[in-house]
Amino acid sequence: MTRKAERWYWVLLFVWLILSAPDTVQGVRSDASVWDWVTFAVWAFALVGSVTFAVVIWRGRSNGPAPERVDPATVPVEDVRDAVASAPSAVRAVKALRELHPGLGLLDAKNLVDAHARPH
């Protein structure tokens with residue numbers, strides 16, 4: 001699921017929960033059976049959870065500060081060769097190289113892999 005679709009999923013869930021609020025609350029107010037209280041508790045939990053997830057996703061997930069940018073010229077040739085040799089495809093080699101050097105840009109990693117993947 002794309003980030004945009006994930007955002008709208010949580011927003012629509014929240015809207016649906018808000019629209020179902022009158023029926024849920026009315027059930028507890030009119031005839032407060034155990035089933036009505038359980039339904040209300042599940043609804044309230046879902047409402048709080050959807051709001052929390054929507055806020056987290058809308059603001060963007062953060063795994064801490066972004067890694068410092070790595071100059072492709074400073075990446076050791078051995079690291080590039082190891083990534084190319086150990087990966088079955090260029091895409092996986094780029095991924096492996098970026099895992100070794102998190103600040104390396106995608107295009108820079110691709111160019112390094114392409115330069116070392118060509119037969120000399």
# chains A, B, ... in the order shown; residues from 1 in each chain; ligands from 1
$ residues_around --residues "stretch 83-90 of chain A" --least-positions-apart "3" --cutoff "10 Å" --atoms "only C-alpha atoms" --output "list in words"
Val77, Glu78, Asp79, Val80, Ala93, Val94, Lys95, Ala96, Leu97, Arg98, Glu99, Leu100, Lys110, Leu112, Val113, Asp114, His116 and Ala117 of chain A
$ write_last_selection --atoms "all heavy atoms" --output "tab-separated table (two decimals), in the first residue's frame"
chain	number	residue	atom	x	y	z
A	77	VAL	N	35.96	0.88	-2.87
A	77	VAL	CA	35.71	0.04	-4.04
A	77	VAL	C	35.39	-1.39	-3.61
A	77	VAL	O	34.55	-2.06	-4.22
A	77	VAL	CB	36.94	0.07	-4.99
A	77	VAL	CG1	36.76	-0.88	-6.15
A	77	VAL	CG2	37.18	1.49	-5.48
A	78	GLU	N	36.03	-1.86	-2.53
A	78	GLU	CA	35.77	-3.23	-2.05
A	78	GLU	C	34.32	-3.41	-1.64
A	78	GLU	O	33.73	-4.47	-1.88
A	78	GLU	CB	36.69	-3.57	-0.86
A	78	GLU	CG	38.16	-3.59	-1.19
A	78	GLU	CD	38.78	-2.18	-1.21
A	78	GLU	OE1	38.27	-1.27	-0.51
A	78	GLU	OE2	39.75	-1.98	-1.95
A	79	ASP	N	33.73	-2.37	-1.03
A	79	ASP	CA	32.32	-2.45	-0.63
A	79	ASP	C	31.41	-2.59	-1.86
A	79	ASP	O	30.47	-3.37	-1.85
A	79	ASP	CB	31.91	-1.22	0.18
A	79	ASP	CG	32.50	-1.22	1.58
A	79	ASP	OD1	33.12	-2.24	1.97
A	79	ASP	OD2	32.33	-0.20	2.28
A	80	VAL	N	31.73	-1.84	-2.88
A	80	VAL	CA	30.92	-1.90	-4.11
A	80	VAL	C	31.08	-3.28	-4.75
A	80	VAL	O	30.10	-3.91	-5.14
A	80	VAL	CB	31.32	-0.78	-5.09
A	80	VAL	CG1	30.49	-0.87	-6.36
A	80	VAL	CG2	31.17	0.59	-4.45
A	93	ALA	N	22.00	-5.31	-5.40
A	93	ALA	CA	23.35	-4.80	-5.13
A	93	ALA	C	23.26	-3.35	-4.64
A	93	ALA	O	23.96	-2.96	-3.70
A	93	ALA	CB	24.22	-4.89	-6.37
A	94	VAL	N	22.40	-2.56	-5.28
A	94	VAL	CA	22.20	-1.18	-4.85
A	94	VAL	C	21.66	-1.15	-3.42
A	94	VAL	O	22.12	-0.38	-2.58
A	94	VAL	CB	21.25	-0.43	-5.82
A	94	VAL	CG1	20.80	0.89	-5.24
A	94	VAL	CG2	21.91	-0.24	-7.17
A	95	LYS	N	20.71	-2.03	-3.14
A	95	LYS	CA	20.14	-2.09	-1.79
A	95	LYS	C	21.21	-2.47	-0.77
A	95	LYS	O	21.31	-1.86	0.31
A	95	LYS	CB	19.00	-3.10	-1.76
A	95	LYS	CG	18.32	-3.18	-0.43
A	95	LYS	CD	17.16	-4.16	-0.46
A	95	LYS	CE	16.53	-4.24	0.92
A	95	LYS	NZ	15.45	-5.20	0.99
A	96	ALA	N	22.02	-3.46	-1.09
A	96	ALA	CA	23.08	-3.89	-0.17
A	96	ALA	C	24.09	-2.78	0.06
A	96	ALA	O	24.54	-2.55	1.19
A	96	ALA	CB	23.77	-5.13	-0.73
A	97	LEU	N	24.43	-2.06	-1.00
A	97	LEU	CA	25.40	-0.97	-0.88
A	97	LEU	C	24.83	0.17	-0.02
A	97	LEU	O	25.54	0.73	0.82
A	97	LEU	CB	25.77	-0.45	-2.27
A	97	LEU	CG	26.90	0.57	-2.33
A	97	LEU	CD1	28.18	0.00	-1.74
A	97	LEU	CD2	27.13	1.02	-3.77
A	98	ARG	N	23.55	0.46	-0.20
A	98	ARG	CA	22.93	1.52	0.61
A	98	ARG	C	22.76	1.10	2.06
A	98	ARG	O	22.72	1.95	2.95
A	98	ARG	CB	21.60	1.93	0.00
A	98	ARG	CG	21.81	2.67	-1.33
A	98	ARG	CD	20.56	3.26	-1.85
A	98	ARG	NE	20.21	4.43	-1.06
A	98	ARG	CZ	18.98	4.88	-0.94
A	98	ARG	NH1	17.98	4.26	-1.53
A	98	ARG	NH2	18.72	5.95	-0.23
A	99	GLU	N	22.65	-0.19	2.33
A	99	GLU	CA	22.59	-0.66	3.71
A	99	GLU	C	23.95	-0.49	4.39
A	99	GLU	O	24.03	-0.19	5.57
A	99	GLU	CB	22.13	-2.11	3.78
A	99	GLU	CG	20.64	-2.27	3.51
A	99	GLU	CD	20.20	-3.71	3.42
A	99	GLU	OE1	21.06	-4.62	3.53
A	99	GLU	OE2	18.99	-3.93	3.24
A	100	LEU	N	25.01	-0.70	3.62
A	100	LEU	CA	26.37	-0.50	4.15
A	100	LEU	C	26.66	0.98	4.37
A	100	LEU	O	27.36	1.35	5.32
A	100	LEU	CB	27.41	-1.07	3.19
A	100	LEU	CG	27.55	-2.58	3.14
A	100	LEU	CD1	28.50	-2.98	2.01
A	100	LEU	CD2	28.07	-3.10	4.47
A	110	LYS	N	23.37	3.47	-7.52
A	110	LYS	CA	23.13	2.82	-8.82
A	110	LYS	C	24.31	3.04	-9.76
A	110	LYS	O	24.77	2.11	-10.43
A	110	LYS	CB	21.85	3.37	-9.45
A	110	LYS	CG	21.55	2.76	-10.81
A	110	LYS	CD	20.47	3.55	-11.52
A	110	LYS	CE	20.24	3.11	-12.92
A	110	LYS	NZ	21.37	3.25	-13.83
A	112	LEU	N	27.43	3.66	-8.96
A	112	LEU	CA	28.58	2.87	-8.48
A	112	LEU	C	28.43	1.40	-8.86
A	112	LEU	O	29.38	0.77	-9.33
A	112	LEU	CB	28.73	3.02	-6.97
A	112	LEU	CG	29.26	4.37	-6.47
A	112	LEU	CD1	29.13	4.45	-4.96
A	112	LEU	CD2	30.71	4.56	-6.90
A	113	VAL	N	27.24	0.86	-8.65
A	113	VAL	CA	27.00	-0.55	-9.00
A	113	VAL	C	27.13	-0.77	-10.49
A	113	VAL	O	27.78	-1.73	-10.94
A	113	VAL	CB	25.61	-1.00	-8.49
A	113	VAL	CG1	25.21	-2.33	-9.09
A	113	VAL	CG2	25.61	-1.09	-6.97
A	114	ASP	N	26.56	0.13	-11.28
A	114	ASP	CA	26.67	-0.01	-12.74
A	114	ASP	C	28.11	0.07	-13.21
A	114	ASP	O	28.52	-0.67	-14.10
A	114	ASP	CB	25.84	1.09	-13.44
A	114	ASP	CG	24.35	0.83	-13.37
A	114	ASP	OD1	23.95	-0.30	-13.01
A	114	ASP	OD2	23.58	1.76	-13.66
A	116	HIS	N	30.75	-0.88	-11.62
A	116	HIS	CA	31.51	-2.06	-11.25
A	116	HIS	C	30.87	-3.35	-11.75
A	116	HIS	O	31.49	-4.41	-11.67
A	116	HIS	CB	31.68	-2.12	-9.73
A	116	HIS	CG	32.65	-1.12	-9.24
A	116	HIS	ND1	32.29	0.19	-8.98
A	116	HIS	CD2	33.96	-1.19	-8.99
A	116	HIS	CE1	33.35	0.86	-8.59
A	116	HIS	NE2	34.38	0.06	-8.57
A	117	ALA	N	29.67	-3.26	-12.27
A	117	ALA	CA	28.99	-4.47	-12.77
A	117	ALA	C	29.35	-4.76	-14.22
A	117	ALA	O	29.22	-5.88	-14.68
A	117	ALA	CB	27.49	-4.32	-12.65
$ residues_around --residues "A:Trp10" --least-positions-apart "3" --cutoff "6 Å" --atoms "only C-alpha atoms" --output "PyMOL selection string"
chain A and resi 7+13+50+54
$ residues_around --residues "stretch 16-33 of chain A" --least-positions-apart "2" --cutoff "12 Å" --atoms "only C-alpha atoms" --output "count of residues only"
24
$ atom_distance --atom1 "atom CA of A:Asn111" --atom2 "atom CA of A:Thr74"
13.8 Å
$ atom_distance --atom1 "atom CA of A:Pro67" --atom2 "atom CA of A:Arg3"
21.3 Å
$ select_by_dssp --residues "chain A" --states "alpha helix (DSSP H)" --output "ChimeraX atom specification"
/A:3-19,21-30,34-59,77-86,90-100,106-117
$ write_last_selection --atoms "C-alpha atoms" --output "mmCIF file, in the first residue's frame"
data_model
loop_
_atom_site.group_PDB
_atom_site.id
_atom_site.type_symbol
_atom_site.label_atom_id
_atom_site.label_comp_id
_atom_site.auth_asym_id
_atom_site.auth_seq_id
_atom_site.Cartn_x
_atom_site.Cartn_y
_atom_site.Cartn_z
ATOM 1 C CA ARG A 3 1.903 6.060 1.669
ATOM 2 C CA LYS A 4 -0.918 8.157 0.198
ATOM 3 C CA ALA A 5 -3.325 5.204 0.187
ATOM 4 C CA GLU A 6 -2.322 4.338 3.741
ATOM 5 C CA ARG A 7 -3.070 7.887 4.853
ATOM 6 C CA TRP A 8 -6.512 7.852 3.275
ATOM 7 C CA TYR A 9 -7.279 4.413 4.679
ATOM 8 C CA TRP A 10 -6.915 5.733 8.217
ATOM 9 C CA VAL A 11 -8.787 8.952 7.462
ATOM 10 C CA LEU A 12 -11.714 7.035 5.964
ATOM 11 C CA LEU A 13 -11.737 4.628 8.898
ATOM 12 C CA PHE A 14 -11.872 7.605 11.250
ATOM 13 C CA VAL A 15 -14.746 9.176 9.271
ATOM 14 C CA TRP A 16 -16.656 5.884 9.307
ATOM 15 C CA LEU A 17 -16.180 5.608 13.064
ATOM 16 C CA ILE A 18 -17.423 9.166 13.575
ATOM 17 C CA LEU A 19 -20.474 8.487 11.410
ATOM 18 C CA ALA A 21 -20.960 7.234 16.719
ATOM 19 C CA PRO A 22 -24.640 8.194 17.121
ATOM 20 C CA ASP A 23 -25.850 4.577 16.839
ATOM 21 C CA THR A 24 -23.126 3.277 19.143
ATOM 22 C CA VAL A 25 -23.646 5.918 21.821
ATOM 23 C CA GLN A 26 -27.442 5.677 21.559
ATOM 24 C CA GLY A 27 -27.229 1.920 22.165
ATOM 25 C CA VAL A 28 -25.412 2.483 25.441
ATOM 26 C CA ARG A 29 -27.694 5.343 26.528
ATOM 27 C CA SER A 30 -31.024 3.661 25.773
ATOM 28 C CA VAL A 34 -23.389 -5.882 28.281
ATOM 29 C CA TRP A 35 -23.326 -6.235 24.492
ATOM 30 C CA ASP A 36 -23.879 -2.478 24.062
ATOM 31 C CA TRP A 37 -21.003 -1.701 26.443
ATOM 32 C CA VAL A 38 -18.701 -4.140 24.649
ATOM 33 C CA THR A 39 -19.651 -2.596 21.307
ATOM 34 C CA PHE A 40 -19.001 0.878 22.718
ATOM 35 C CA ALA A 41 -15.610 -0.160 24.122
ATOM 36 C CA VAL A 42 -14.522 -1.671 20.791
ATOM 37 C CA TRP A 43 -15.753 1.422 18.944
ATOM 38 C CA ALA A 44 -13.894 3.771 21.325
ATOM 39 C CA PHE A 45 -10.697 1.736 21.072
ATOM 40 C CA ALA A 46 -10.920 1.748 17.266
ATOM 41 C CA LEU A 47 -11.554 5.481 17.237
ATOM 42 C CA VAL A 48 -8.547 6.287 19.410
ATOM 43 C CA GLY A 49 -6.357 3.852 17.451
ATOM 44 C CA SER A 50 -7.397 5.234 14.063
ATOM 45 C CA VAL A 51 -6.728 8.800 15.165
ATOM 46 C CA THR A 52 -3.331 7.836 16.541
ATOM 47 C CA PHE A 53 -2.290 5.941 13.411
ATOM 48 C CA ALA A 54 -3.658 8.647 11.121
ATOM 49 C CA VAL A 55 -1.613 11.311 12.912
ATOM 50 C CA VAL A 56 1.552 9.201 12.847
ATOM 51 C CA ILE A 57 1.154 8.361 9.166
ATOM 52 C CA TRP A 58 0.076 11.873 8.146
ATOM 53 C CA ARG A 59 3.095 13.435 9.826
ATOM 54 C CA VAL A 77 35.711 0.041 -4.040
ATOM 55 C CA GLU A 78 35.773 -3.226 -2.052
ATOM 56 C CA ASP A 79 32.322 -2.454 -0.632
ATOM 57 C CA VAL A 80 30.919 -1.903 -4.106
ATOM 58 C CA ARG A 81 32.546 -5.077 -5.456
ATOM 59 C CA ASP A 82 31.262 -7.105 -2.503
ATOM 60 C CA ALA A 83 27.732 -5.755 -3.007
ATOM 61 C CA VAL A 84 27.824 -6.572 -6.719
ATOM 62 C CA ALA A 85 29.326 -10.026 -6.157
ATOM 63 C CA SER A 86 26.924 -11.023 -3.386
ATOM 64 C CA ALA A 90 21.738 -4.873 -9.752
ATOM 65 C CA VAL A 91 18.728 -3.767 -7.706
ATOM 66 C CA ARG A 92 19.759 -5.961 -4.785
ATOM 67 C CA ALA A 93 23.348 -4.797 -5.129
ATOM 68 C CA VAL A 94 22.203 -1.177 -4.847
ATOM 69 C CA LYS A 95 20.140 -2.089 -1.788
ATOM 70 C CA ALA A 96 23.079 -3.894 -0.174
ATOM 71 C CA LEU A 97 25.396 -0.966 -0.882
ATOM 72 C CA ARG A 98 22.928 1.520 0.609
ATOM 73 C CA GLU A 99 22.591 -0.658 3.714
ATOM 74 C CA LEU A 100 26.366 -0.500 4.151
ATOM 75 C CA LEU A 106 19.922 6.016 -4.668
ATOM 76 C CA LEU A 107 21.271 7.400 -7.942
ATOM 77 C CA ASP A 108 24.838 7.479 -6.596
ATOM 78 C CA ALA A 109 24.579 3.849 -5.452
ATOM 79 C CA LYS A 110 23.126 2.818 -8.819
ATOM 80 C CA ASN A 111 25.950 4.569 -10.680
ATOM 81 C CA LEU A 112 28.585 2.872 -8.480
ATOM 82 C CA VAL A 113 27.000 -0.547 -8.998
ATOM 83 C CA ASP A 114 26.671 -0.009 -12.738
ATOM 84 C CA ALA A 115 30.288 1.099 -13.008
ATOM 85 C CA HIS A 116 31.506 -2.061 -11.251
ATOM 86 C CA ALA A 117 28.993 -4.474 -12.769
#
